[in-house]
Amino acid sequence: MFKRVEASGKSTEDAINAAVRRLGVSRDRVTVEELVKPRSGFFGIGSVEARVAVTYTLTPAESAKEFLEGLLERMGLEALVDSEMTDDGVSMNVRGEDMGVVIGRRGDTLDALQYITSIVVNRDQDEHVKVTLDTENYRAKREESLVNLAGKVAARVLKYKKNVTLEPMSAYERRVIHSAIQDIKGVTTFSTGTEPNRRVVIALAGGSRPERRPRYPRRGGNGSAKAENAAESVE
């Protein structure tokens, strides 16, 4: 993503400085295109000011911030967006009065905003940049809640010797459950169903998983039958 500003001045240098001030960036971070060369004219008659186009390429963090701020504004939300580059990619945090709207049900809206922002940021990138969006420390709180849930359900599975299927979760939340269960002896996990209703099943270790029956085309149908996978792999 980039910004382009045109500006005029008595000299090319004046025009460049004016454009840079409007962009609010340093001179060494812009590309300059000279549109009109200045002419002094005869005693000032017929003089022409210099005109330049200055282009500034935003960093991934800047692109994410600018896009998300505009999107939140269109949603009618007053919020501040902090965005920075880390070793893991772009880390963003939204601050404001009514962040429950940004989070949504079980973080659905937060995940959607993160996904859309990631698409925009990576549109012009040669290598994928990971974008993480959070507000009011929701991610950490949700992760802690999921770890506690995993422990309670695992205890129930061990006590009653019955598998328990959890509510539908995002891929990230399912990974948290899978990771938490790895530290508990006697139980294991696998996923079942399709998005957006994919769920984690907490089961007794060594127990059998339910197999999917292969589906075949009706008699007289075209094409060959393809058997589905017998079991889902853990994300």
# chains A, B, ... in the order shown; residues from 1 in each chain; ligands from 1
>>> residues_around(residues="A:Val5", least_positions_apart="6", cutoff="12 Å", atoms="only C-alpha atoms", output="PyMOL selection string")
chain A and resi 15-25+30-35+51-57
>>> write_last_selection(atoms="C-alpha atoms", output="mmCIF file, in the first residue's frame")
data_model
loop_
_atom_site.group_PDB
_atom_site.id
_atom_site.type_symbol
_atom_site.label_atom_id
_atom_site.label_comp_id
_atom_site.auth_asym_id
_atom_site.auth_seq_id
_atom_site.Cartn_x
_atom_site.Cartn_y
_atom_site.Cartn_z
ATOM 1 C CA ALA A 15 7.881 21.247 -3.980
ATOM 2 C CA ILE A 16 9.429 18.060 -2.599
ATOM 3 C CA ASN A 17 9.633 19.500 0.917
ATOM 4 C CA ALA A 18 5.984 20.562 0.749
ATOM 5 C CA ALA A 19 4.886 17.068 -0.303
ATOM 6 C CA VAL A 20 6.987 15.391 2.392
ATOM 7 C CA ARG A 21 5.471 17.638 5.070
ATOM 8 C CA ARG A 22 1.982 16.686 3.932
ATOM 9 C CA LEU A 23 2.855 12.998 4.135
ATOM 10 C CA GLY A 24 4.485 13.417 7.525
ATOM 11 C CA VAL A 25 7.476 11.223 6.690
ATOM 12 C CA VAL A 30 9.867 8.685 -0.479
ATOM 13 C CA THR A 31 10.156 8.368 -4.245
ATOM 14 C CA VAL A 32 10.031 11.606 -6.246
ATOM 15 C CA GLU A 33 8.688 12.129 -9.752
ATOM 16 C CA GLU A 34 9.216 15.547 -11.324
ATOM 17 C CA LEU A 35 6.058 16.534 -13.190
ATOM 18 C CA ARG A 51 5.423 20.386 -9.514
ATOM 19 C CA VAL A 52 6.320 16.928 -8.198
ATOM 20 C CA ALA A 53 4.591 13.701 -7.244
ATOM 21 C CA VAL A 54 5.939 12.087 -4.091
ATOM 22 C CA THR A 55 5.138 8.452 -3.308
ATOM 23 C CA TYR A 56 5.525 6.831 0.069
ATOM 24 C CA THR A 57 5.275 3.059 0.528
#
>>> residues_around(residues="A:Val157", least_positions_apart="6", cutoff="12 Å", atoms="only C-alpha atoms", output="VMD selection string")
chain A and resid 150 to 151 163 to 165 181 184 to 189 201 to 205 207
>>> closest_residue(among="A:Val121, A:Ala50, A:Leu110, A:Leu68", to="A:Phe2", atoms="only C-alpha atoms")
A:Val121
>>> atom_distance(atom1="atom CA of A:Thr132", atom2="atom CA of A:Gln114")
6.4 Å
>>> atom_distance(atom1="atom CA of A:Ile177", atom2="atom CA of A:Tyr138")
16.6 Å
>>> residues_around(residues="A:Val176", least_positions_apart="2", cutoff="8 Å", atoms="only C-alpha atoms", output="number ranges by chain")
A: 143, 146-147, 172-174, 178-180
>>> select_by_dssp(residues="stretch 76-193 of chain A", states="strand (DSSP E)", output="mmCIF file with N, CA, C and O atoms, in the first residue's frame")
data_model
loop_
_atom_site.group_PDB
_atom_site.id
_atom_site.type_symbol
_atom_site.label_atom_id
_atom_site.label_comp_id
_atom_site.auth_asym_id
_atom_site.auth_seq_id
_atom_site.Cartn_x
_atom_site.Cartn_y
_atom_site.Cartn_z
ATOM 1 N N ALA A 79 -12.240 4.455 18.068
ATOM 2 C CA ALA A 79 -11.212 3.590 18.633
ATOM 3 C C ALA A 79 -9.839 4.026 18.154
ATOM 4 O O ALA A 79 -9.694 4.625 17.085
ATOM 5 N N LEU A 80 -8.838 3.713 18.946
ATOM 6 C CA LEU A 80 -7.448 3.967 18.586
ATOM 7 C C LEU A 80 -6.789 2.632 18.277
ATOM 8 O O LEU A 80 -7.013 1.638 18.972
ATOM 9 N N VAL A 81 -5.964 2.614 17.243
ATOM 10 C CA VAL A 81 -5.300 1.380 16.840
ATOM 11 C C VAL A 81 -3.794 1.533 17.009
ATOM 12 O O VAL A 81 -3.181 2.448 16.447
ATOM 13 N N ASP A 82 -3.198 0.663 17.797
ATOM 14 C CA ASP A 82 -1.744 0.600 17.939
ATOM 15 C C ASP A 82 -1.243 -0.545 17.061
ATOM 16 O O ASP A 82 -1.782 -1.655 17.116
ATOM 17 N N SER A 83 -0.221 -0.270 16.270
ATOM 18 C CA SER A 83 0.284 -1.283 15.353
ATOM 19 C C SER A 83 1.804 -1.225 15.315
ATOM 20 O O SER A 83 2.391 -0.144 15.191
ATOM 21 N N GLU A 84 2.448 -2.382 15.433
ATOM 22 C CA GLU A 84 3.907 -2.423 15.402
ATOM 23 C C GLU A 84 4.404 -3.719 14.788
ATOM 24 O O GLU A 84 3.696 -4.734 14.781
ATOM 25 N N MET A 85 5.610 -3.667 14.242
ATOM 26 C CA MET A 85 6.237 -4.858 13.682
ATOM 27 C C MET A 85 6.979 -5.598 14.786
ATOM 28 O O MET A 85 7.709 -4.990 15.572
ATOM 29 N N THR A 86 6.773 -6.899 14.865
ATOM 30 C CA THR A 86 7.482 -7.743 15.818
ATOM 31 C C THR A 86 8.168 -8.871 15.053
ATOM 32 O O THR A 86 8.059 -8.951 13.827
ATOM 33 N N GLY A 89 5.531 -10.752 13.136
ATOM 34 C CA GLY A 89 4.707 -10.084 12.133
ATOM 35 C C GLY A 89 4.162 -8.775 12.664
ATOM 36 O O GLY A 89 4.812 -8.086 13.458
ATOM 37 N N VAL A 90 2.934 -8.436 12.247
ATOM 38 C CA VAL A 90 2.295 -7.200 12.697
ATOM 39 C C VAL A 90 1.418 -7.488 13.907
ATOM 40 O O VAL A 90 0.525 -8.341 13.856
ATOM 41 N N SER A 91 1.677 -6.779 14.997
ATOM 42 C CA SER A 91 0.889 -6.928 16.218
ATOM 43 C C SER A 91 0.043 -5.674 16.390
ATOM 44 O O SER A 91 0.569 -4.558 16.404
ATOM 45 N N MET A 92 -1.279 -5.852 16.518
ATOM 46 C CA MET A 92 -2.193 -4.724 16.606
ATOM 47 C C MET A 92 -3.061 -4.820 17.856
ATOM 48 O O MET A 92 -3.439 -5.913 18.280
ATOM 49 N N ASN A 93 -3.369 -3.657 18.413
ATOM 50 C CA ASN A 93 -4.255 -3.597 19.568
ATOM 51 C C ASN A 93 -5.223 -2.434 19.392
ATOM 52 O O ASN A 93 -4.821 -1.331 19.020
ATOM 53 N N VAL A 94 -6.515 -2.698 19.648
ATOM 54 C CA VAL A 94 -7.548 -1.678 19.498
ATOM 55 C C VAL A 94 -7.970 -1.209 20.882
ATOM 56 O O VAL A 94 -8.247 -2.031 21.769
ATOM 57 N N ARG A 95 -8.033 0.120 21.061
ATOM 58 C CA ARG A 95 -8.444 0.694 22.344
ATOM 59 C C ARG A 95 -9.638 1.604 22.144
ATOM 60 O O ARG A 95 -9.695 2.359 21.174
ATOM 61 N N GLY A 96 -10.615 1.493 23.037
ATOM 62 C CA GLY A 96 -11.796 2.334 22.931
ATOM 63 C C GLY A 96 -12.807 2.022 24.010
ATOM 64 O O GLY A 96 -12.557 1.206 24.914
ATOM 65 N N VAL A 131 -0.587 -11.250 10.760
ATOM 66 C CA VAL A 131 -1.236 -10.125 11.433
ATOM 67 C C VAL A 131 -2.017 -10.657 12.630
ATOM 68 O O VAL A 131 -2.837 -11.567 12.489
ATOM 69 N N THR A 132 -1.742 -10.105 13.801
ATOM 70 C CA THR A 132 -2.447 -10.497 15.028
ATOM 71 C C THR A 132 -3.165 -9.285 15.596
ATOM 72 O O THR A 132 -2.551 -8.240 15.803
ATOM 73 N N LEU A 133 -4.469 -9.440 15.835
ATOM 74 C CA LEU A 133 -5.282 -8.338 16.344
ATOM 75 C C LEU A 133 -5.873 -8.705 17.702
ATOM 76 O O LEU A 133 -6.389 -9.810 17.889
ATOM 77 N N ASP A 134 -5.806 -7.775 18.635
ATOM 78 C CA ASP A 134 -6.321 -8.022 19.977
ATOM 79 C C ASP A 134 -6.940 -6.746 20.525
ATOM 80 O O ASP A 134 -6.701 -5.648 20.012
ATOM 81 N N THR A 135 -7.746 -6.884 21.570
ATOM 82 C CA THR A 135 -8.294 -5.741 22.290
ATOM 83 C C THR A 135 -8.618 -6.165 23.715
ATOM 84 O O THR A 135 -9.095 -7.279 23.948
ATOM 85 N N VAL A 164 -16.288 -36.426 24.993
ATOM 86 C CA VAL A 164 -17.061 -35.186 25.065
ATOM 87 C C VAL A 164 -16.720 -34.331 23.847
ATOM 88 O O VAL A 164 -15.541 -34.082 23.564
ATOM 89 N N THR A 165 -17.750 -33.893 23.128
ATOM 90 C CA THR A 165 -17.565 -33.016 21.975
ATOM 91 C C THR A 165 -17.835 -31.576 22.390
ATOM 92 O O THR A 165 -18.904 -31.267 22.919
ATOM 93 N N VAL A 187 -5.990 -39.018 28.189
ATOM 94 C CA VAL A 187 -6.959 -38.466 27.234
ATOM 95 C C VAL A 187 -6.241 -37.961 25.990
ATOM 96 O O VAL A 187 -5.041 -37.694 26.013
ATOM 97 N N THR A 188 -6.982 -37.847 24.917
ATOM 98 C CA THR A 188 -6.450 -37.338 23.661
ATOM 99 C C THR A 188 -7.526 -36.485 22.988
ATOM 100 O O THR A 188 -8.642 -36.382 23.507
ATOM 101 N N THR A 189 -7.199 -35.893 21.868
ATOM 102 C CA THR A 189 -8.166 -35.060 21.148
ATOM 103 C C THR A 189 -8.118 -35.329 19.661
ATOM 104 O O THR A 189 -7.096 -35.785 19.122
ATOM 105 N N PHE A 190 -9.210 -35.061 18.992
ATOM 106 C CA PHE A 190 -9.254 -35.032 17.535
ATOM 107 C C PHE A 190 -10.384 -34.093 17.136
ATOM 108 O O PHE A 190 -11.223 -33.723 17.970
ATOM 109 N N SER A 191 -10.388 -33.669 15.891
ATOM 110 C CA SER A 191 -11.404 -32.735 15.409
ATOM 111 C C SER A 191 -12.392 -33.434 14.492
ATOM 112 O O SER A 191 -12.049 -34.403 13.810
ATOM 113 N N THR A 192 -13.588 -32.919 14.479
ATOM 114 C CA THR A 192 -14.624 -33.494 13.630
ATOM 115 C C THR A 192 -15.503 -32.377 13.074
ATOM 116 O O THR A 192 -15.588 -31.294 13.666
#
>>> closest_residue(among="A:Arg106, A:Thr117, A:Arg74, A:Ala140", to="A:Glu167", atoms="only C-alpha atoms")
A:Arg106
>>> closest_residue(among="A:Ala171, A:Glu13, A:Gly46, A:Met1", to="A:Ile119", atoms="only C-alpha atoms")
A:Met1
>>> select_by_dssp(residues="stretch 56-218 of chain A", states="alpha helix (DSSP H)", output="ChimeraX atom specification")
/A:60-74,99-103,108-122,138-160,171-181
>>> residues_around(residues="A:Val120", least_positions_apart="6", cutoff="8 Å", atoms="only C-alpha atoms", output="list in words")
Ser63, Ala64 and Phe67 of chain A
>>> write_last_selection(atoms="all heavy atoms", output="PDB file, in the first residue's frame")
ATOM      1  N   SER A  63       0.252   0.021   7.044  1.00  0.00           N
ATOM      2  CA  SER A  63      -0.886  -0.360   6.199  1.00  0.00           C
ATOM      3  C   SER A  63      -2.018  -0.937   7.037  1.00  0.00           C
ATOM      4  O   SER A  63      -3.191  -0.614   6.832  1.00  0.00           O
ATOM      5  CB  SER A  63      -0.437  -1.396   5.162  1.00  0.00           C
ATOM      6  OG  SER A  63       0.509  -0.856   4.272  1.00  0.00           O
ATOM      7  N   ALA A  64      -1.654  -1.795   7.985  1.00  0.00           N
ATOM      8  CA  ALA A  64      -2.660  -2.422   8.852  1.00  0.00           C
ATOM      9  C   ALA A  64      -3.384  -1.372   9.676  1.00  0.00           C
ATOM     10  O   ALA A  64      -4.613  -1.390   9.800  1.00  0.00           O
ATOM     11  CB  ALA A  64      -1.985  -3.443   9.764  1.00  0.00           C
ATOM     12  N   PHE A  67      -5.714   0.911   7.408  1.00  0.00           N
ATOM     13  CA  PHE A  67      -6.905   0.204   6.943  1.00  0.00           C
ATOM     14  C   PHE A  67      -7.895  -0.034   8.069  1.00  0.00           C
ATOM     15  O   PHE A  67      -9.091   0.238   7.935  1.00  0.00           O
ATOM     16  CB  PHE A  67      -6.519  -1.133   6.310  1.00  0.00           C
ATOM     17  CG  PHE A  67      -7.703  -2.018   6.040  1.00  0.00           C
ATOM     18  CD1 PHE A  67      -8.537  -1.767   4.958  1.00  0.00           C
ATOM     19  CD2 PHE A  67      -8.008  -3.076   6.878  1.00  0.00           C
ATOM     20  CE1 PHE A  67      -9.661  -2.551   4.706  1.00  0.00           C
ATOM     21  CE2 PHE A  67      -9.121  -3.873   6.648  1.00  0.00           C
ATOM     22  CZ  PHE A  67      -9.943  -3.607   5.553  1.00  0.00           C
TER      23      PHE A  67
END
